[in-house]
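One structure is given here, and the rest of the page talks about it.
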Amino acid sequence: MTKNINIRPATDADRDAIWEIFHEIVAAGDTYPIDPEMSREDAFAYWFQTGARAFVAEQDGPASATLRRGKQIVGIYTLHPNQSGGGAHVANAAFMVTKDARGKGIGRAMGEHCLKEARRLGFRAMQFNFVVSTNESAVKLWQELGMKIVGTLPGAFRHPEKGYIDAYVMYRSLL
Ligand SMILES: CC(C)(COP(=O)(O)OP(=O)(O)OC[C@H]1O[C@@H](n2cnc3c(N)ncnc32)[C@H](O)[C@@H]1OP(=O)(O)O)[C@@H](O)C(=O)NCCC(=O)NCCS
């Protein structure tokens, strides 16, 4: 477990760091069904969509664009209603940990924080709409956090190296 992880709501001052992490992950094209060339403007429209609560995970770290007040932003997540109207009581979230900081407990800390936050906000369930089946660390982590694969979308993701592969819908109740 990584020490000194602080998870807090994102502010406008975090936008460069959020973009840096978002762009690194989306440009790789292997985990999110998002255009790898998505612009910064469109990225923020997605990340800060209606009803979204965005958070950053920071820890002590070396200087870079993601360094602020001696803290390095190493992970980001956004939590929002999965649908509107009659579907707004189910939450959805997206998580990103910068490559160099993976495997050290930041994703787990953000996942746990997110479920707690979703419960606090009164959401009745959490749904992930599109977990790429080859994303082993994500599938395993989400299962450990109580998310179950409730559906498989055959060939729904075109992986840059593996071709057409399945994506999972994952779900858990928060009641
Ligand atoms: C998925 C992601 C958020 C996980 O964050 P992370 O900080 O690396 O995860 P953690 O260090 O907290 O690891 C949590 C668990 O994931 C699993 N895990 C982590 N790395 C793994 C690996 N290389 N292989 C298999 N499982 C792994 C383990 O179960 C681990 O728990 P453990 O350390 O107790 O064994 C991160 O890898 C990431 O941002 N990936 C790119 C974007 C992405 O895929 N987002 C999720 C889309 S659904």
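Ligands are numbered from 1 in the order shown, chains are lettered A, B, ... in the order of the structure tokens, and residues start at 1 in each chain.
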What do you get as a count of residues only if you pick all residues at most 9 Å from ligand 1, counting only C-alpha atoms and all ligand atoms?
46
Of A:Asp60, A:Asp35, A:Asp14, A:Glu41, the one nearest to A:Arg158 when counting only C-alpha atoms is A:Asp35
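Using only C-alpha atoms, the contacts of A:Arg53 at a cut-off of 9 Å, with sequence neighbours closer than 2 positions omitted, comprise Pro9, Ala10, Trp47, Phe48, Gln49, Gly51, Phe55, Tyr77, Thr78, Leu79 and His80 of chain A.
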Write a file of the just-selected residues containing N, CA and C atoms, as an mmCIF file, in the first residue's frame.
data_model
loop_
_atom_site.group_PDB
_atom_site.id
_atom_site.type_symbol
_atom_site.label_atom_id
_atom_site.label_comp_id
_atom_site.auth_asym_id
_atom_site.auth_seq_id
_atom_site.Cartn_x
_atom_site.Cartn_y
_atom_site.Cartn_z
ATOM 1 N N PRO A 9 -11.249 16.658 -3.592
ATOM 2 C CA PRO A 9 -11.963 17.148 -4.782
ATOM 3 C C PRO A 9 -11.012 17.926 -5.685
ATOM 4 N N ALA A 10 -11.174 17.756 -6.984
ATOM 5 C CA ALA A 10 -10.348 18.480 -7.960
ATOM 6 C C ALA A 10 -10.751 19.951 -7.978
ATOM 7 N N TRP A 47 -15.006 14.704 -18.486
ATOM 8 C CA TRP A 47 -14.594 14.496 -17.088
ATOM 9 C C TRP A 47 -15.478 15.280 -16.109
ATOM 10 N N PHE A 48 -15.861 16.488 -16.531
ATOM 11 C CA PHE A 48 -16.667 17.355 -15.658
ATOM 12 C C PHE A 48 -18.101 17.457 -16.173
ATOM 13 N N GLN A 49 -18.634 16.339 -16.679
ATOM 14 C CA GLN A 49 -19.995 16.344 -17.230
ATOM 15 C C GLN A 49 -21.026 16.660 -16.146
ATOM 16 N N GLY A 51 -23.366 16.934 -13.279
ATOM 17 C CA GLY A 51 -23.516 16.142 -12.056
ATOM 18 C C GLY A 51 -22.237 15.468 -11.599
ATOM 19 N N PHE A 55 -12.228 14.012 -8.522
ATOM 20 C CA PHE A 55 -11.275 13.939 -7.415
ATOM 21 C C PHE A 55 -9.873 13.682 -7.952
ATOM 22 N N TYR A 77 -10.131 10.571 -10.555
ATOM 23 C CA TYR A 77 -11.382 9.861 -10.851
ATOM 24 C C TYR A 77 -12.537 10.832 -10.917
ATOM 25 N N THR A 78 -13.555 10.434 -11.636
ATOM 26 C CA THR A 78 -14.767 11.239 -11.742
ATOM 27 C C THR A 78 -15.970 10.346 -11.484
ATOM 28 N N LEU A 79 -16.907 10.877 -10.738
ATOM 29 C CA LEU A 79 -18.104 10.137 -10.303
ATOM 30 C C LEU A 79 -19.322 10.941 -10.730
ATOM 31 N N HIS A 80 -20.267 10.286 -11.376
ATOM 32 C CA HIS A 80 -21.439 11.019 -11.850
ATOM 33 C C HIS A 80 -22.606 10.049 -12.053
#
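As for atom CA of A:Asn4 and atom CA of A:Arg40, they are spaced 29.2 Å apart.
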Can you check which residues of chain A DSSP gives as helix (DSSP H, G or I) on the backbone and send them as a ChimeraX atom specification?
/A:12-28,40-47,85-87,99-101,106-120,136-144
Find the residues near A:Asn92: any atom within 10 Å, counting only C-alpha atoms, skip ones fewer than 2 places away on the same chain, and give them as a ChimeraX atom specification.
/A:52,78-83,88-90,94,114,118,123,125-129,171
Let's have the selection written as a compact mmCIF listing (two decimals), in the first residue's frame, with N, CA and C atoms.
# COMPACT_ATOMS: atom_id res chain seq x y z
N ALA A 52 -21.11 15.74 -12.30
CA ALA A 52 -19.87 15.03 -11.96
C ALA A 52 -19.19 15.60 -10.73
N THR A 78 -13.55 10.43 -11.64
CA THR A 78 -14.77 11.24 -11.74
C THR A 78 -15.97 10.35 -11.48
N LEU A 79 -16.91 10.88 -10.74
CA LEU A 79 -18.10 10.14 -10.30
C LEU A 79 -19.32 10.94 -10.73
N HIS A 80 -20.27 10.29 -11.38
CA HIS A 80 -21.44 11.02 -11.85
C HIS A 80 -22.61 10.05 -12.05
N PRO A 81 -23.82 10.58 -12.24
CA PRO A 81 -24.94 9.67 -12.50
C PRO A 81 -24.71 8.95 -13.83
N ASN A 82 -25.05 7.65 -13.85
CA ASN A 82 -24.84 6.86 -15.07
C ASN A 82 -25.83 7.26 -16.16
N GLN A 83 -27.04 7.63 -15.75
CA GLN A 83 -28.06 8.09 -16.69
C GLN A 83 -28.73 9.30 -16.04
N ALA A 88 -30.94 8.05 -12.81
CA ALA A 88 -29.93 8.91 -12.14
C ALA A 88 -29.53 8.43 -10.76
N HIS A 89 -30.21 7.38 -10.25
CA HIS A 89 -29.84 6.88 -8.92
C HIS A 89 -28.70 5.85 -8.98
N VAL A 90 -28.27 5.52 -10.19
CA VAL A 90 -27.13 4.61 -10.36
C VAL A 90 -25.93 5.45 -10.77
N ALA A 94 -15.07 6.86 -13.57
CA ALA A 94 -13.90 6.53 -14.38
C ALA A 94 -12.65 6.83 -13.55
N CYS A 114 -14.36 6.25 -3.85
CA CYS A 114 -15.47 6.52 -4.77
C CYS A 114 -16.76 5.82 -4.33
N ALA A 118 -20.06 7.73 -3.36
CA ALA A 118 -21.31 7.45 -4.08
C ALA A 118 -22.44 7.13 -3.09
N PHE A 123 -26.45 7.46 -4.03
CA PHE A 123 -26.61 6.54 -5.16
C PHE A 123 -26.93 5.15 -4.64
N ALA A 125 -26.56 2.29 -6.50
CA ALA A 125 -25.73 1.27 -7.14
C ALA A 125 -24.62 1.95 -7.92
N MET A 126 -23.60 1.15 -8.26
CA MET A 126 -22.49 1.62 -9.10
C MET A 126 -22.45 0.73 -10.34
N GLN A 127 -22.34 1.35 -11.49
CA GLN A 127 -22.25 0.59 -12.73
C GLN A 127 -21.08 1.09 -13.56
N PHE A 128 -20.25 0.16 -14.02
CA PHE A 128 -19.21 0.50 -15.00
C PHE A 128 -19.68 -0.05 -16.33
N ASN A 129 -19.80 0.80 -17.31
CA ASN A 129 -20.44 0.41 -18.57
C ASN A 129 -19.53 -0.32 -19.53
N TYR A 171 -21.25 -4.19 -12.10
CA TYR A 171 -22.30 -3.58 -11.29
C TYR A 171 -22.21 -4.03 -9.85
